[in-house]
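Here's the structure we're looking at; comments come further down.
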Amino acid sequence: MKKVSLTTWILTALVAGIAFGALLPGPAKQMAILGTIFLRLIKSIIAPLLFGTLVVGIAGTGSLKTMGRIGGKAILYFEVVTTIALLVGLGAVNLVKPGLGVHLQKGAATGLAQTGTSLSQIFEHTFPTSIFDAMARGEVLQIVVFTFLFGIACASIGDKAAPVVAFCHSLAEIMFKYTHYVMYLAPLGVFGAMAATVGEKGIGVLIGLGKLVLTLYAAEFLFIVVVFGAVAVIARLPVRRFIFYVREPFLIAFSTASSEAALPLALENMELFGVPNHIAAFVLPAGYSFNLVGTTLYLSLASVFVAQAAEIHLSFSTQLIMMLTLMLTSKGAAGIPRSALVILAGTVASFNLPVEGIALLLGVDTLMDMGRTSLNVLGNCLATAVVARWEGVDLNAAPSANSSEFADYLAAQDRP
């Protein structure tokens with residue numbers, strides 16, 4: 001009998017959660033505990049996993065020059081792709097005009113603080129005062145910065161660091177096995193999160209403001225096919241194998257609306273895909289602050305939607321300035337609850353748009369958050385593959401996903 005894949009279980013749980021939330025909204029609200037437990041377990045993985053894999057990867061290269069080159073390539077790629085995402089969102093909202101005919105109700109409370117974070121504050125926040133504090137608060141970028149410098153120090157002193165590097169290697173292997181155990185709970189977590197969301201907000205959360213939601217998903221689909229497709233062709237990536245490895249992290253991100261939930265599995269799967277661990281462990285976490293393609297696409301679309309709903313005309317030059325502002329402020333989004341809405345609230349206020357427009361988006365934000373989060377994860381996985389190819393890595397070494405040797409390959413990698 002063929003073993004049911006984790007992907008199948010997640011999709012089944014997703015549909016079952018929606019049905020349970022719609023039919024039994026009262027009990028469904030209590031299912032939120034399942035999603036909460038799953039997300040807490042996932043968050044417990046991130047800090048030790050990043051520390052172990054990145055230290056081993058950097059110490060293995062033994063070269064500050066190599067890591068500096070990888071970082072420079074990653075940042076260049078991030079900025080190009082996120083800029084294109086902003087332009088795609090801007091083009092979609094101006095073409096479809098989903099805000100026309102939507103009348104804002106003045107005085108609706110958003111319940112969100114407006115962001116006034118400056119570029120200097122974002123840059124300062126990148127550097128940790130304590131690695132233990134950063135780990136406790138889940139500050140991914142701070143963990144990466146500390147671990148990057150720690151790994152460079154290990155590489156520079158050579159054999160004296162061997163016990164520490166060996167410990168980090170064991171730590172990484174243990175956390176990968178720990179991730180396997182936690183992933184068995186993914187279907188329950190997905191079921192609980194979806195059931196609670198639909199039970200709390202009603203089935204209308206999947207339908208409300210349909211034109212805006214459909215515009216967002218159409219723009220994301222276009223972005224994946226055209227932009228990501230072009231990137232994959234230019235980088236000469238084995239697309240079918242890449243899809244095989246990213247589908248589970250993508251589904252987990254979509255179902256839970258949490259990039260953190262997908263990070264451990266994405267990191268492991270990108271290494272199985274053939275990306276060296278020092279590249280995957282650096283580029284993936286860094287992308288959580290600098291490569292939020294789904295979030296930036298949503299921000300450009302939502303900000304102009306608010307203007308359209310308020311019947312405020314924005315010139316093309318004003319829209320471009322708004323996009324530049326979003327490009328900078330979105331870099332501070334990592335780790336902020338409901339970060340896209342917080343950033344959007346600050347942006348619309350800066351351009352004299354009614355902040356009541358944010359309240360209008362709250363009803364369908366859950367559904368849109370699922371789309372933008374899964375696109376973020378897909379974009380970061382693609383970024384690791386592109387940087388690896390840029391570094392000359394052959395990503396065709398493993399068998400293709402539909403070959404007869406593939407099952408043996410997964411077994412050799414100790415995959416469940």
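Just so we're on the same page: first chain in the structure tokens is A, next is B, and so on; residues restart at 1 for each chain, and ligands are numbered from 1 in the order they show up.
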
- Query: Could you pull the residues within 8 Å of Met322 (chain A), counting only C-alpha atoms, minus those fewer than 3 positions along the same chain, as a list in words?
  - Reply: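 Using only C-alpha atoms, the neighbours found are Thr318, Gln319, Thr325, Leu326, Thr347 and Phe351 of chain A.
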
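A straight line drawn from CA of Ile131 (chain A) to CA of Ile143 (chain A) is 6.5 Å long.
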
- Message: When DSSP is applied to the backbone of this structure, which of region 53-302 of chain A are assigned alpha helix (DSSP H)? Write them out as a ChimeraX atom specification.
- Response: /A:53-61,64-96,119-125,131-137,140-157,162-183,186-201,210-222,229-234,239-256,259-273,277-290,293-302

- Message: With only C-alpha atoms as the counted atoms, please give the residues lying no more than 10 Å from Leu11 (chain A), apart from itself and same-chain residues fewer than 3 positions off, as JSON, numbers by chain.
- Response: {"A": [6, 7, 8, 14, 15, 16, 17, 187, 190, 191, 248, 251, 252, 255]}

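Distance check against Ala13 (chain A) using only C-alpha atoms: of A:Ala136, A:Gly274, A:Gly35, A:Ser258, the minimum falls on A:Gly35.
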
- Smallest atom-to-atom distance to Phe242 (chain A): which of A:Ala383, A:Ala166, A:Met194, A:Ala28, using only C-alpha atoms?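 Using only C-alpha atoms, Phe242 (chain A) sits closest to A:Ala383.
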
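Across the structure, CA of Gly52 (chain A) and CA of Phe254 (chain A) are spaced 26.9 Å apart.
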
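Excluding Val55 (chain A) itself and any same-chain residue fewer than 6 positions from it, the protein and nucleic acid residues within 7 Å of it, counting only C-alpha atoms, are A:Thr147, A:Phe148, A:Phe150, A:Gly151, A:Val165, A:Cys168.
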
- Query: Of the candidates A:Asn277, A:Asp394, A:Thr295, A:Ala286, which shows the shortest atom-to-atom distance to Glu173 (chain A), using only C-alpha atoms?
  - Reply: A:Asn277

For the contact check between region 234-288 of chain A and region 174-181 of chain A, emit one row per residue of region 234-288 of chain A within 8 Å, containing the shortest atom pair and the distance in Å rounded to one decimal, counting only C-alpha atoms, chain then rising number order, as CSV.
residue,atom,partner,partner_atom,distance
A:Pro264,CA,A:Thr179,CA,6.7
A:Leu265,CA,A:Thr179,CA,7.2
A:Glu268,CA,A:Phe176,CA,7.1

- Query: Counting only C-alpha atoms, what is within 8 Å of Phe78 (chain A), bar same-chain residues fewer than 2 positions away, as a PyMOL selection string?
  - Reply: chain A and resi 74-76+80-82+287+290-291+383

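Proximity ranking of A:Ala59, A:Val393, A:Met31, A:Val304 relative to Asp159 (chain A) places A:Ala59 first, based on only C-alpha atoms.
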